[in-house]
file protein-v1.cif (mmCIF, N, CA, C and O atoms)
data_input
loop_
_atom_site.label_atom_id
_atom_site.label_comp_id
_atom_site.auth_asym_id
_atom_site.auth_seq_id
_atom_site.Cartn_x
_atom_site.Cartn_y
_atom_site.Cartn_z
N GLY A 1 13.93 27.06 -13.85
CA GLY A 1 14.65 28.28 -14.05
C GLY A 1 15.89 28.35 -13.20
O GLY A 1 16.10 27.54 -12.32
N GLY A 2 16.70 29.30 -13.48
CA GLY A 2 17.93 29.50 -12.73
C GLY A 2 19.09 28.74 -13.33
O GLY A 2 18.94 27.59 -13.69
N THR A 3 20.24 29.38 -13.42
CA THR A 3 21.40 28.71 -13.97
C THR A 3 21.94 27.69 -12.97
O THR A 3 21.73 27.81 -11.75
N HIS A 4 22.65 26.72 -13.49
CA HIS A 4 23.21 25.65 -12.66
C HIS A 4 24.01 26.23 -11.49
O HIS A 4 23.79 25.87 -10.32
N ASP A 5 24.95 27.11 -11.77
CA ASP A 5 25.82 27.64 -10.73
C ASP A 5 25.05 28.41 -9.65
O ASP A 5 25.33 28.27 -8.46
N LYS A 6 24.07 29.21 -10.07
CA LYS A 6 23.30 29.99 -9.10
C LYS A 6 22.42 29.10 -8.24
O LYS A 6 22.30 29.31 -7.02
N VAL A 7 21.78 28.10 -8.85
CA VAL A 7 20.90 27.21 -8.08
C VAL A 7 21.73 26.36 -7.11
O VAL A 7 21.34 26.17 -5.96
N VAL A 8 22.88 25.87 -7.55
CA VAL A 8 23.74 25.09 -6.66
C VAL A 8 24.19 25.93 -5.48
O VAL A 8 24.12 25.50 -4.32
N ALA A 9 24.63 27.15 -5.72
CA ALA A 9 25.09 28.03 -4.64
C ALA A 9 23.96 28.32 -3.66
O ALA A 9 24.16 28.25 -2.43
N ALA A 10 22.79 28.63 -4.16
CA ALA A 10 21.65 28.95 -3.29
C ALA A 10 21.22 27.72 -2.49
O ALA A 10 20.87 27.82 -1.31
N THR A 11 21.26 26.54 -3.11
CA THR A 11 20.85 25.32 -2.42
C THR A 11 21.88 24.94 -1.35
O THR A 11 21.51 24.41 -0.29
N LYS A 12 23.14 25.24 -1.56
CA LYS A 12 24.16 24.99 -0.54
C LYS A 12 23.87 25.83 0.71
O LYS A 12 24.03 25.37 1.84
N GLN A 13 23.42 27.08 0.50
CA GLN A 13 23.06 27.92 1.65
C GLN A 13 21.84 27.34 2.37
O GLN A 13 21.80 27.29 3.60
N LEU A 14 20.85 26.88 1.61
CA LEU A 14 19.66 26.27 2.20
C LEU A 14 20.06 25.02 2.98
O LEU A 14 19.59 24.80 4.10
N LYS A 15 20.91 24.19 2.41
CA LYS A 15 21.35 22.96 3.05
C LYS A 15 21.99 23.24 4.40
O LYS A 15 21.69 22.57 5.39
N ALA A 16 22.86 24.23 4.46
CA ALA A 16 23.54 24.56 5.71
C ALA A 16 22.54 24.91 6.81
O ALA A 16 22.66 24.44 7.95
N VAL A 17 21.54 25.71 6.47
CA VAL A 17 20.55 26.12 7.46
C VAL A 17 19.65 24.95 7.86
O VAL A 17 19.40 24.74 9.05
N MET A 18 19.17 24.20 6.88
CA MET A 18 18.26 23.10 7.20
C MET A 18 18.97 22.03 8.04
O MET A 18 18.38 21.51 8.99
N GLU A 19 20.21 21.73 7.73
CA GLU A 19 20.94 20.73 8.51
C GLU A 19 21.27 21.27 9.90
O GLU A 19 21.25 20.52 10.87
N LYS A 20 21.54 22.56 10.02
CA LYS A 20 21.77 23.17 11.32
C LYS A 20 20.56 22.96 12.22
O LYS A 20 20.69 22.77 13.43
N HIS A 21 19.36 22.98 11.63
CA HIS A 21 18.13 22.88 12.40
C HIS A 21 17.54 21.47 12.42
O HIS A 21 16.41 21.29 12.86
N GLY A 22 18.29 20.47 11.94
CA GLY A 22 17.85 19.09 12.15
C GLY A 22 17.60 18.24 10.93
O GLY A 22 17.32 17.04 11.07
N ALA A 23 17.66 18.79 9.72
CA ALA A 23 17.49 17.95 8.53
C ALA A 23 18.65 16.96 8.46
O ALA A 23 19.78 17.30 8.79
N THR A 24 18.36 15.74 8.04
CA THR A 24 19.41 14.73 7.93
C THR A 24 20.07 14.76 6.57
O THR A 24 21.08 14.10 6.35
N GLY A 25 19.50 15.50 5.64
CA GLY A 25 20.10 15.63 4.32
C GLY A 25 19.33 16.58 3.44
O GLY A 25 18.12 16.76 3.60
N VAL A 26 20.03 17.23 2.54
CA VAL A 26 19.43 18.10 1.52
C VAL A 26 20.14 17.76 0.22
O VAL A 26 21.37 17.79 0.15
N THR A 27 19.36 17.41 -0.80
CA THR A 27 19.95 17.10 -2.10
C THR A 27 19.29 17.93 -3.18
O THR A 27 18.16 18.39 -3.03
N LEU A 28 20.03 18.12 -4.27
CA LEU A 28 19.54 18.89 -5.41
C LEU A 28 19.65 18.02 -6.65
O LEU A 28 20.65 17.34 -6.85
N GLY A 29 18.63 18.03 -7.47
CA GLY A 29 18.65 17.30 -8.73
C GLY A 29 17.85 18.05 -9.78
O GLY A 29 17.25 19.08 -9.49
N GLN A 30 17.85 17.51 -10.97
CA GLN A 30 17.06 18.07 -12.06
C GLN A 30 16.26 16.97 -12.70
O GLN A 30 16.77 15.88 -12.96
N GLN A 31 15.00 17.26 -12.95
CA GLN A 31 14.13 16.29 -13.61
C GLN A 31 14.63 16.09 -15.04
O GLN A 31 14.85 17.06 -15.76
N THR A 32 14.82 14.84 -15.43
CA THR A 32 15.34 14.56 -16.77
C THR A 32 14.27 14.04 -17.72
O THR A 32 14.47 14.04 -18.93
N ALA A 33 13.15 13.59 -17.19
CA ALA A 33 12.05 13.10 -18.03
C ALA A 33 10.75 13.45 -17.34
O ALA A 33 10.72 13.74 -16.15
N GLY A 34 9.67 13.40 -18.09
CA GLY A 34 8.37 13.73 -17.51
C GLY A 34 7.86 15.06 -18.00
O GLY A 34 8.39 15.63 -18.95
N PRO A 35 6.84 15.57 -17.32
CA PRO A 35 6.19 16.78 -17.82
C PRO A 35 7.02 18.06 -17.70
O PRO A 35 6.76 19.02 -18.40
N ASN A 36 8.02 18.09 -16.83
CA ASN A 36 8.80 19.30 -16.62
C ASN A 36 10.30 19.01 -16.66
O ASN A 36 11.01 19.27 -15.69
N PRO A 37 10.82 18.52 -17.79
CA PRO A 37 12.25 18.25 -17.84
C PRO A 37 13.05 19.53 -17.60
O PRO A 37 12.67 20.61 -18.06
N GLY A 38 14.12 19.39 -16.85
CA GLY A 38 14.94 20.54 -16.50
C GLY A 38 14.55 21.20 -15.19
O GLY A 38 15.29 22.02 -14.66
N GLU A 39 13.38 20.86 -14.66
CA GLU A 39 12.91 21.44 -13.40
C GLU A 39 13.85 21.01 -12.27
O GLU A 39 14.22 19.85 -12.16
N TRP A 40 14.22 21.96 -11.43
CA TRP A 40 15.06 21.66 -10.26
C TRP A 40 14.23 20.99 -9.19
O TRP A 40 13.07 21.36 -8.97
N VAL A 41 14.82 20.05 -8.48
CA VAL A 41 14.16 19.35 -7.38
C VAL A 41 15.07 19.42 -6.16
O VAL A 41 16.22 18.98 -6.21
N VAL A 42 14.57 20.00 -5.08
CA VAL A 42 15.29 20.06 -3.82
C VAL A 42 14.60 19.10 -2.86
O VAL A 42 13.39 19.19 -2.65
N ARG A 43 15.39 18.19 -2.30
CA ARG A 43 14.84 17.18 -1.37
C ARG A 43 15.43 17.46 0.00
O ARG A 43 16.65 17.50 0.17
N ILE A 44 14.55 17.64 0.98
CA ILE A 44 14.96 17.86 2.37
C ILE A 44 14.49 16.64 3.16
O ILE A 44 13.30 16.34 3.17
N GLN A 45 15.42 15.97 3.80
CA GLN A 45 15.10 14.72 4.50
C GLN A 45 15.21 14.91 6.00
O GLN A 45 16.13 15.55 6.50
N CYS A 46 14.22 14.33 6.72
CA CYS A 46 14.20 14.35 8.18
C CYS A 46 13.87 12.95 8.68
O CYS A 46 13.35 12.13 7.94
N THR A 47 14.13 12.72 9.96
CA THR A 47 13.91 11.38 10.53
C THR A 47 12.45 11.08 10.84
O THR A 47 12.08 9.91 10.95
N SER A 48 11.62 12.11 10.98
CA SER A 48 10.21 11.90 11.33
C SER A 48 9.41 13.14 10.98
O SER A 48 9.98 14.20 10.72
N TRP A 49 8.09 13.01 11.02
CA TRP A 49 7.24 14.18 10.80
C TRP A 49 7.47 15.23 11.88
O TRP A 49 7.49 16.42 11.62
N GLU A 50 7.65 14.76 13.12
CA GLU A 50 7.91 15.69 14.22
C GLU A 50 9.22 16.45 13.98
O GLU A 50 9.28 17.67 14.12
N ALA A 51 10.26 15.72 13.58
CA ALA A 51 11.54 16.36 13.29
C ALA A 51 11.42 17.35 12.13
O ALA A 51 12.00 18.43 12.15
N PHE A 52 10.64 16.99 11.10
CA PHE A 52 10.42 17.88 9.97
C PHE A 52 9.74 19.18 10.42
O PHE A 52 10.17 20.27 10.06
N GLY A 53 8.69 19.05 11.22
CA GLY A 53 7.98 20.23 11.71
C GLY A 53 8.87 21.15 12.53
O GLY A 53 8.86 22.37 12.33
N LYS A 54 9.64 20.56 13.44
CA LYS A 54 10.55 21.37 14.26
C LYS A 54 11.63 22.03 13.40
O LYS A 54 11.97 23.19 13.60
N MET A 55 12.18 21.26 12.46
CA MET A 55 13.22 21.79 11.59
C MET A 55 12.69 22.97 10.79
O MET A 55 13.32 24.02 10.71
N MET A 56 11.51 22.83 10.19
CA MET A 56 10.95 23.92 9.39
C MET A 56 10.63 25.14 10.24
O MET A 56 10.93 26.27 9.85
N GLN A 57 10.05 24.91 11.41
CA GLN A 57 9.73 26.03 12.29
C GLN A 57 11.00 26.78 12.70
O GLN A 57 11.06 28.01 12.63
N ASN A 58 12.01 26.04 13.11
CA ASN A 58 13.26 26.68 13.54
C ASN A 58 14.01 27.34 12.38
O ASN A 58 14.55 28.43 12.52
N ALA A 59 14.04 26.67 11.23
CA ALA A 59 14.74 27.23 10.07
C ALA A 59 14.08 28.52 9.59
O ALA A 59 14.76 29.47 9.22
N MET A 60 12.75 28.56 9.62
CA MET A 60 12.06 29.76 9.15
C MET A 60 12.03 30.86 10.20
O MET A 60 11.74 32.02 9.89
N SER A 61 12.38 30.53 11.45
CA SER A 61 12.52 31.54 12.49
C SER A 61 13.92 32.15 12.47
O SER A 61 14.17 33.18 13.08
N ASP A 62 14.83 31.49 11.75
CA ASP A 62 16.22 31.92 11.62
C ASP A 62 16.35 32.85 10.40
O ASP A 62 15.91 32.51 9.31
N ALA A 63 16.94 34.01 10.60
CA ALA A 63 17.09 34.96 9.49
C ALA A 63 17.84 34.34 8.32
O ALA A 63 17.51 34.57 7.15
N LYS A 64 18.84 33.50 8.59
CA LYS A 64 19.59 32.85 7.51
C LYS A 64 18.71 31.86 6.74
O LYS A 64 18.88 31.67 5.55
N GLY A 65 17.76 31.25 7.42
CA GLY A 65 16.82 30.34 6.76
C GLY A 65 15.92 31.11 5.81
O GLY A 65 15.71 30.69 4.66
N ARG A 66 15.39 32.21 6.27
CA ARG A 66 14.54 33.04 5.41
C ARG A 66 15.33 33.59 4.23
O ARG A 66 14.83 33.64 3.11
N GLU A 67 16.59 33.97 4.47
CA GLU A 67 17.44 34.48 3.39
C GLU A 67 17.72 33.39 2.35
O GLU A 67 17.75 33.66 1.15
N ALA A 68 17.95 32.15 2.83
CA ALA A 68 18.23 31.04 1.91
C ALA A 68 17.03 30.76 1.01
O ALA A 68 17.17 30.57 -0.20
N VAL A 69 15.83 30.75 1.58
CA VAL A 69 14.62 30.52 0.79
C VAL A 69 14.41 31.69 -0.18
O VAL A 69 14.10 31.48 -1.36
N ALA A 70 14.60 32.90 0.29
CA ALA A 70 14.44 34.06 -0.59
C ALA A 70 15.46 34.03 -1.73
O ALA A 70 15.14 34.42 -2.86
N GLY A 71 16.67 33.55 -1.44
CA GLY A 71 17.68 33.44 -2.48
C GLY A 71 17.27 32.49 -3.59
O GLY A 71 17.45 32.78 -4.77
N LEU A 72 16.71 31.35 -3.21
CA LEU A 72 16.21 30.41 -4.23
C LEU A 72 15.02 30.99 -4.98
O LEU A 72 14.93 30.88 -6.20
N ASP A 73 14.11 31.62 -4.24
CA ASP A 73 12.93 32.22 -4.88
C ASP A 73 13.31 33.30 -5.89
O ASP A 73 12.61 33.50 -6.88
N ALA A 74 14.41 33.99 -5.64
CA ALA A 74 14.83 35.08 -6.52
C ALA A 74 15.36 34.57 -7.87
O ALA A 74 15.32 35.31 -8.86
N ILE A 75 15.84 33.33 -7.91
CA ILE A 75 16.46 32.84 -9.15
C ILE A 75 15.67 31.74 -9.84
O ILE A 75 15.96 31.42 -10.99
N THR A 76 14.70 31.15 -9.15
CA THR A 76 13.92 30.07 -9.76
C THR A 76 12.52 30.04 -9.17
O THR A 76 12.34 30.35 -7.99
N GLU A 77 11.55 29.69 -9.97
CA GLU A 77 10.15 29.65 -9.53
C GLU A 77 9.79 28.25 -9.06
O GLU A 77 10.11 27.25 -9.71
N MET A 78 9.12 28.17 -7.88
CA MET A 78 8.64 26.88 -7.42
C MET A 78 7.40 26.52 -8.22
O MET A 78 6.41 27.25 -8.23
N LEU A 79 7.46 25.40 -8.94
CA LEU A 79 6.34 24.96 -9.76
C LEU A 79 5.40 24.03 -8.99
O LEU A 79 4.22 23.96 -9.28
N SER A 80 5.95 23.29 -8.04
CA SER A 80 5.12 22.40 -7.23
C SER A 80 5.85 22.06 -5.95
O SER A 80 7.05 22.25 -5.83
N ARG A 81 5.10 21.54 -5.01
CA ARG A 81 5.67 21.07 -3.74
C ARG A 81 5.06 19.72 -3.46
O ARG A 81 3.85 19.52 -3.56
N ARG A 82 5.92 18.76 -3.11
CA ARG A 82 5.46 17.42 -2.76
C ARG A 82 6.07 17.06 -1.43
O ARG A 82 7.27 17.24 -1.22
N ILE A 83 5.25 16.54 -0.54
CA ILE A 83 5.76 16.03 0.73
C ILE A 83 5.56 14.53 0.68
O ILE A 83 4.44 14.04 0.48
N ILE A 84 6.66 13.80 0.84
CA ILE A 84 6.64 12.36 0.65
C ILE A 84 7.05 11.67 1.95
O ILE A 84 8.05 12.04 2.57
N SER A 85 6.28 10.68 2.34
CA SER A 85 6.60 9.89 3.50
C SER A 85 7.24 8.59 3.01
O SER A 85 6.65 7.87 2.19
N GLY A 86 8.44 8.30 3.49
CA GLY A 86 9.17 7.13 3.04
C GLY A 86 8.68 5.84 3.70
O GLY A 86 8.03 5.85 4.74
N VAL A 87 9.02 4.74 3.09
CA VAL A 87 8.70 3.42 3.61
C VAL A 87 10.00 2.65 3.75
O VAL A 87 10.75 2.53 2.77
N ASP A 88 10.29 2.15 4.94
CA ASP A 88 11.49 1.33 5.12
C ASP A 88 11.28 -0.03 4.46
O ASP A 88 10.25 -0.67 4.66
N LEU A 89 12.26 -0.46 3.70
CA LEU A 89 12.17 -1.77 3.03
C LEU A 89 13.16 -2.73 3.65
O LEU A 89 14.17 -2.40 4.11
#

call {"tool": "encode", "arguments": {"input": "protein-v1.cif", "output": "structure tokens"}}
result
Amino acid sequence: GGTHDKVVAATKQLKAVMEKHGATGVTLGQQTAGPNPGEWVVRIQCTSWEAFGKMMQNAMSDAKGREAVAGLDAITEMLSRRIISGVDL
């Protein structure tokens, strides 16, 4: 859900807050194939599980972080959440 322009704008706000609190990157994409084509995907990247935990705790303690999440929630429904641990190749 959510129009392209609104989701991009809301994700830019989320990106600013998450990176302020330690995320190394925030990207936005749309699923093009599979069970939910068109579903928005927000990827938040951190250097470690410890960094992820600190970033989330600090971002959600920040009023701008809560506002950014609420902004996304207002325009699109979260259908699932996946936490992925990367493997260096």

call {"tool": "resolve_selection", "arguments": {"input": "protein-v1.cif", "expression": "the PyMOL selection byres (((chain A and resi 46-51 and name CA) around 12) and name CA)", "output": "list of chain:residue names"}}
result
A:Met18, A:Glu19, A:His21, A:Gly22, A:Ala23, A:Thr24, A:Gly25, A:Val26, A:Arg43, A:Ile44, A:Gln45, A:Phe52, A:Gly53, A:Lys54, A:Met55, A:Met56, A:Gln57, A:Asn58, A:Ala59, A:Ile83, A:Ile84, A:Ser85, A:Gly86, A:Val87, A:Asp88

call {"tool": "closest_residue", "arguments": {"input": "protein-v1.cif", "among": "A:Leu89, A:Glu77, A:Arg66, A:Gly71", "to": "Lys6 of chain A", "atoms": "only C-alpha atoms"}}
result
A:Gly71

call {"tool": "select_by_dssp", "arguments": {"input": "protein-v1.cif", "residues": "chain A", "states": "helix (DSSP H, G or I)", "output": "PyMOL selection string"}}
result
chain A and resi 4-20+49-61+63-75

call {"tool": "select_by_dssp", "arguments": {"input": "protein-v1.cif", "residues": "chain A", "states": "strand (DSSP E or B)", "output": "PyMOL selection string"}}
result
chain A and resi 25-30+40-45

call {"tool": "resolve_selection", "arguments": {"input": "protein-v1.cif", "expression": "the PyMOL selection byres (((chain A and resi 4 and name CA) around 12) and name CA)", "output": "ChimeraX atom specification"}}
result
/A:1-3,5-11,28-30,38-40,72,75-76
